[in-house]
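Next comes target-v1.cif, with mmCIF, N, CA and C atoms.
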data_upload
loop_
_atom_site.label_atom_id
_atom_site.label_comp_id
_atom_site.auth_asym_id
_atom_site.auth_seq_id
_atom_site.Cartn_x
_atom_site.Cartn_y
_atom_site.Cartn_z
N MET A 257 16.16 146.28 68.83
CA MET A 257 14.98 146.37 67.97
C MET A 257 15.25 145.77 66.60
N SER A 258 16.47 145.92 66.10
CA SER A 258 16.77 145.39 64.77
C SER A 258 16.76 143.86 64.77
N GLU A 259 17.13 143.24 65.89
CA GLU A 259 17.09 141.78 65.97
C GLU A 259 15.64 141.28 65.88
N PHE A 260 14.72 142.00 66.52
CA PHE A 260 13.30 141.64 66.44
C PHE A 260 12.81 141.73 65.00
N LEU A 261 13.16 142.81 64.32
CA LEU A 261 12.74 142.97 62.92
C LEU A 261 13.36 141.89 62.04
N GLN A 262 14.61 141.53 62.32
CA GLN A 262 15.28 140.47 61.56
C GLN A 262 14.52 139.15 61.70
N LYS A 263 14.15 138.81 62.93
CA LYS A 263 13.42 137.56 63.16
C LYS A 263 12.04 137.61 62.51
N LEU A 264 11.39 138.77 62.55
CA LEU A 264 10.07 138.91 61.96
C LEU A 264 10.11 138.76 60.45
N VAL A 265 11.10 139.36 59.82
CA VAL A 265 11.22 139.28 58.37
C VAL A 265 11.69 137.90 57.92
N GLU A 266 12.57 137.30 58.72
CA GLU A 266 13.11 135.99 58.37
C GLU A 266 12.02 134.93 58.32
N GLY A 267 11.15 134.91 59.29
CA GLY A 267 9.98 134.05 59.27
C GLY A 267 10.25 132.56 59.32
N ARG A 268 11.10 132.14 60.23
CA ARG A 268 11.39 130.71 60.34
C ARG A 268 10.30 129.99 61.12
N ILE A 269 9.80 128.92 60.53
CA ILE A 269 8.91 128.01 61.24
C ILE A 269 9.37 126.60 60.91
N ASP A 270 9.03 125.65 61.78
CA ASP A 270 9.49 124.28 61.57
C ASP A 270 8.49 123.51 60.70
N PHE A 271 8.83 122.25 60.44
CA PHE A 271 7.98 121.44 59.55
C PHE A 271 6.61 121.18 60.14
N GLU A 272 6.54 120.95 61.44
CA GLU A 272 5.24 120.76 62.08
C GLU A 272 4.42 122.05 62.02
N GLY A 273 5.08 123.17 62.17
CA GLY A 273 4.39 124.46 62.05
C GLY A 273 3.85 124.69 60.66
N GLN A 274 4.61 124.27 59.65
CA GLN A 274 4.14 124.38 58.27
C GLN A 274 2.89 123.53 58.05
N LYS A 275 2.91 122.34 58.63
CA LYS A 275 1.74 121.45 58.50
C LYS A 275 0.52 122.07 59.19
N LEU A 276 0.75 122.67 60.36
CA LEU A 276 -0.34 123.32 61.09
C LEU A 276 -0.89 124.51 60.32
N VAL A 277 -0.01 125.33 59.75
CA VAL A 277 -0.44 126.48 58.96
C VAL A 277 -1.25 126.03 57.75
N GLU A 278 -0.80 124.98 57.10
CA GLU A 278 -1.52 124.47 55.93
C GLU A 278 -2.92 123.99 56.31
N ARG A 279 -3.02 123.27 57.45
CA ARG A 279 -4.33 122.77 57.88
C ARG A 279 -5.26 123.92 58.28
N ILE A 280 -4.72 124.91 59.01
CA ILE A 280 -5.53 126.06 59.41
C ILE A 280 -6.02 126.81 58.18
N ALA A 281 -5.11 127.04 57.23
CA ALA A 281 -5.48 127.79 56.02
C ALA A 281 -6.53 127.04 55.21
N ARG A 282 -6.33 125.74 55.02
CA ARG A 282 -7.28 124.96 54.23
C ARG A 282 -8.66 124.95 54.87
N ASP A 283 -8.71 124.66 56.16
CA ASP A 283 -10.00 124.58 56.85
C ASP A 283 -10.70 125.94 56.90
N THR A 284 -9.93 127.00 57.13
CA THR A 284 -10.51 128.33 57.19
C THR A 284 -11.04 128.77 55.83
N LEU A 285 -10.28 128.50 54.78
CA LEU A 285 -10.74 128.89 53.44
C LEU A 285 -11.98 128.11 53.01
N ILE A 286 -12.07 126.85 53.37
CA ILE A 286 -13.26 126.06 53.06
C ILE A 286 -14.48 126.62 53.81
N ALA A 287 -14.29 126.89 55.11
CA ALA A 287 -15.40 127.44 55.90
C ALA A 287 -15.78 128.84 55.40
N ALA A 288 -14.78 129.65 55.05
CA ALA A 288 -15.05 131.01 54.57
C ALA A 288 -15.82 130.97 53.26
N THR A 289 -15.45 130.05 52.39
CA THR A 289 -16.15 129.93 51.11
C THR A 289 -17.61 129.56 51.32
N ALA A 290 -17.83 128.55 52.17
CA ALA A 290 -19.20 128.11 52.42
C ALA A 290 -20.03 129.21 53.10
N PHE A 291 -19.47 129.83 54.12
CA PHE A 291 -20.20 130.87 54.86
C PHE A 291 -20.48 132.07 53.95
N SER A 292 -19.50 132.49 53.18
CA SER A 292 -19.69 133.64 52.29
C SER A 292 -20.74 133.35 51.23
N PHE A 293 -20.71 132.14 50.69
CA PHE A 293 -21.68 131.77 49.67
C PHE A 293 -23.10 131.78 50.25
N VAL A 294 -23.28 131.16 51.42
CA VAL A 294 -24.60 131.10 52.03
C VAL A 294 -25.11 132.50 52.37
N ALA A 295 -24.25 133.33 52.95
CA ALA A 295 -24.67 134.70 53.30
C ALA A 295 -24.99 135.50 52.04
N GLY A 296 -24.16 135.40 51.02
CA GLY A 296 -24.42 136.12 49.77
C GLY A 296 -25.67 135.64 49.07
N PHE A 297 -25.91 134.32 49.12
CA PHE A 297 -27.10 133.76 48.50
C PHE A 297 -28.36 134.21 49.25
N ALA A 298 -28.28 134.20 50.58
CA ALA A 298 -29.43 134.60 51.39
C ALA A 298 -29.78 136.07 51.17
N LEU A 299 -28.76 136.90 51.01
CA LEU A 299 -29.00 138.33 50.82
C LEU A 299 -29.03 138.73 49.35
N GLN A 300 -28.81 137.77 48.47
CA GLN A 300 -28.81 138.02 47.02
C GLN A 300 -27.85 139.15 46.66
N SER A 301 -26.62 139.03 47.17
CA SER A 301 -25.65 140.10 46.95
C SER A 301 -24.26 139.52 46.74
N MET A 302 -23.69 139.79 45.56
CA MET A 302 -22.32 139.38 45.30
C MET A 302 -21.35 140.21 46.14
N ARG A 303 -21.72 141.45 46.42
CA ARG A 303 -20.86 142.30 47.24
C ARG A 303 -20.68 141.70 48.63
N VAL A 304 -21.75 141.18 49.22
CA VAL A 304 -21.67 140.54 50.53
C VAL A 304 -20.79 139.29 50.44
N THR A 305 -20.98 138.50 49.39
CA THR A 305 -20.20 137.27 49.22
C THR A 305 -18.70 137.58 49.19
N PHE A 306 -18.31 138.47 48.30
CA PHE A 306 -16.88 138.76 48.16
C PHE A 306 -16.34 139.58 49.32
N GLY A 307 -17.16 140.44 49.91
CA GLY A 307 -16.73 141.21 51.07
C GLY A 307 -16.43 140.32 52.26
N LEU A 308 -17.34 139.37 52.54
CA LEU A 308 -17.11 138.45 53.65
C LEU A 308 -15.89 137.57 53.39
N PHE A 309 -15.76 137.10 52.17
CA PHE A 309 -14.62 136.25 51.85
C PHE A 309 -13.32 137.04 52.01
N ALA A 310 -13.31 138.29 51.58
CA ALA A 310 -12.11 139.12 51.73
C ALA A 310 -11.76 139.33 53.20
N LEU A 311 -12.77 139.54 54.04
CA LEU A 311 -12.52 139.69 55.47
C LEU A 311 -11.91 138.42 56.06
N PHE A 312 -12.42 137.26 55.65
CA PHE A 312 -11.86 136.00 56.12
C PHE A 312 -10.40 135.86 55.68
N VAL A 313 -10.10 136.23 54.45
CA VAL A 313 -8.73 136.10 53.93
C VAL A 313 -7.79 137.03 54.68
N VAL A 314 -8.22 138.25 54.96
CA VAL A 314 -7.38 139.19 55.72
C VAL A 314 -7.14 138.65 57.12
N GLY A 315 -8.18 138.17 57.76
CA GLY A 315 -8.03 137.58 59.10
C GLY A 315 -7.12 136.37 59.10
N LEU A 316 -7.28 135.52 58.10
CA LEU A 316 -6.42 134.35 57.98
C LEU A 316 -4.98 134.75 57.76
N SER A 317 -4.75 135.76 56.94
CA SER A 317 -3.39 136.23 56.68
C SER A 317 -2.74 136.74 57.97
N LEU A 318 -3.49 137.47 58.77
CA LEU A 318 -2.95 137.95 60.05
C LEU A 318 -2.66 136.80 61.01
N ALA A 319 -3.38 135.70 60.86
CA ALA A 319 -3.20 134.57 61.77
C ALA A 319 -2.04 133.67 61.37
N VAL A 320 -1.77 133.52 60.09
CA VAL A 320 -0.77 132.52 59.69
C VAL A 320 0.48 133.07 59.03
N LEU A 321 0.48 134.29 58.54
CA LEU A 321 1.68 134.80 57.86
C LEU A 321 2.81 135.18 58.80
N PRO A 322 2.57 135.85 59.92
CA PRO A 322 3.70 136.12 60.81
C PRO A 322 4.24 134.82 61.42
N PRO A 323 5.53 134.76 61.68
CA PRO A 323 6.11 133.54 62.27
C PRO A 323 5.84 133.48 63.77
N TRP A 324 4.61 133.20 64.16
CA TRP A 324 4.26 133.13 65.57
C TRP A 324 5.04 132.00 66.24
N PRO A 325 5.34 132.12 67.54
CA PRO A 325 6.08 131.06 68.24
C PRO A 325 5.37 129.70 68.23
N VAL A 326 4.06 129.70 68.11
CA VAL A 326 3.33 128.43 68.08
C VAL A 326 3.71 127.59 66.86
N PHE A 327 4.22 128.25 65.80
CA PHE A 327 4.59 127.53 64.59
C PHE A 327 6.05 127.07 64.63
N ASN A 328 6.74 127.27 65.75
CA ASN A 328 8.14 126.85 65.85
C ASN A 328 8.39 126.11 67.16
N ARG A 329 7.47 125.23 67.50
CA ARG A 329 7.61 124.46 68.74
C ARG A 329 8.51 123.24 68.60
N HIS A 330 8.73 122.79 67.38
CA HIS A 330 9.53 121.58 67.14
C HIS A 330 10.69 121.92 66.20
N PRO A 331 11.67 122.68 66.68
CA PRO A 331 12.77 123.05 65.78
C PRO A 331 13.58 121.82 65.36
N VAL A 332 14.12 121.89 64.17
CA VAL A 332 14.90 120.79 63.63
C VAL A 332 16.28 120.79 64.29
N ALA A 333 16.69 119.63 64.77
CA ALA A 333 18.03 119.50 65.36
C ALA A 333 18.96 118.95 64.28
N TRP A 334 19.75 119.84 63.72
CA TRP A 334 20.66 119.44 62.65
C TRP A 334 21.87 118.73 63.23
N LEU A 335 22.44 117.80 62.47
CA LEU A 335 23.66 117.12 62.89
C LEU A 335 24.84 118.08 62.77
N PRO A 336 25.84 117.89 63.62
CA PRO A 336 27.00 118.77 63.50
C PRO A 336 27.76 118.47 62.21
N ALA A 337 28.42 119.49 61.69
CA ALA A 337 29.18 119.34 60.45
C ALA A 337 30.41 118.48 60.69
N LYS A 338 30.70 117.61 59.74
CA LYS A 338 31.89 116.77 59.84
C LYS A 338 33.10 117.56 59.36
N GLU A 339 34.18 117.35 60.05
CA GLU A 339 35.42 117.99 59.61
C GLU A 339 36.04 117.15 58.51
N THR A 340 36.47 117.79 57.45
CA THR A 340 37.10 117.07 56.36
C THR A 340 38.62 117.22 56.48
N LYS A 341 39.30 116.14 56.15
CA LYS A 341 40.77 116.16 56.21
C LYS A 341 41.30 116.69 54.90
N THR A 342 42.14 117.68 54.98
CA THR A 342 42.77 118.20 53.78
C THR A 342 44.25 117.84 53.81
N GLU A 343 44.74 117.40 52.68
CA GLU A 343 46.14 116.97 52.63
C GLU A 343 47.02 117.98 52.00
#

Let me see the file written as structure tokens.
Amino acid sequence: MSEFLQKLVEGRIDFEGQKLVERIARDTLIAATAFSFVAGFALQSMRVTFGLFALFVVGLSLAVLPPWPVFNRHPVAWLPAKETKTE
């Protein structure tokens, strides 16, 4: 169980996963802003506007903050370390 918690807290994702998270977050926040504004404007309520936007942000956080396996499909293959000669 501690290994699972270690991996969860560590949160490793690869570069392609970072790009995917950024795109998902950007597109979701743009859509959330537009939808919240339209709904709040239609109902003439700032509470609706900010409430809907907060729900979108919470949902987005649950979708992109944990290191889901989908964000680590292209792990980086590091070169092996070179041995140095010591005299």

Using only C-alpha atoms, the best pick from A:Thr289, A:Arg268, A:Ile280, A:Gly273 as closest to A:Ala319 would be A:Ile280

List every residue of chain A that DSSP, applied to the backbone of this structure, assigns to alpha helix (DSSP H), and report them as a count of residues only.
57

Using only C-alpha atoms, determine which residues lie at most 7 Å from A:Pro323, disregarding the query and same-chain residues fewer than 2 positions distant; provide the list as JSON, numbers by chain.
{"A": [264, 267, 268, 269, 321, 325, 327]}

Point (-20.2, 136.2, 49.5) neighbourhood (5 Å, all atoms listed in the file) written as a PyMOL selection string:
chain A and resi 292-293+296+304-306

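Closest approach to A:Thr284 from the set A:Arg303, A:Gly315, A:Ala298, A:Gln262 is made by A:Gly315, with distances taken over only C-alpha atoms.
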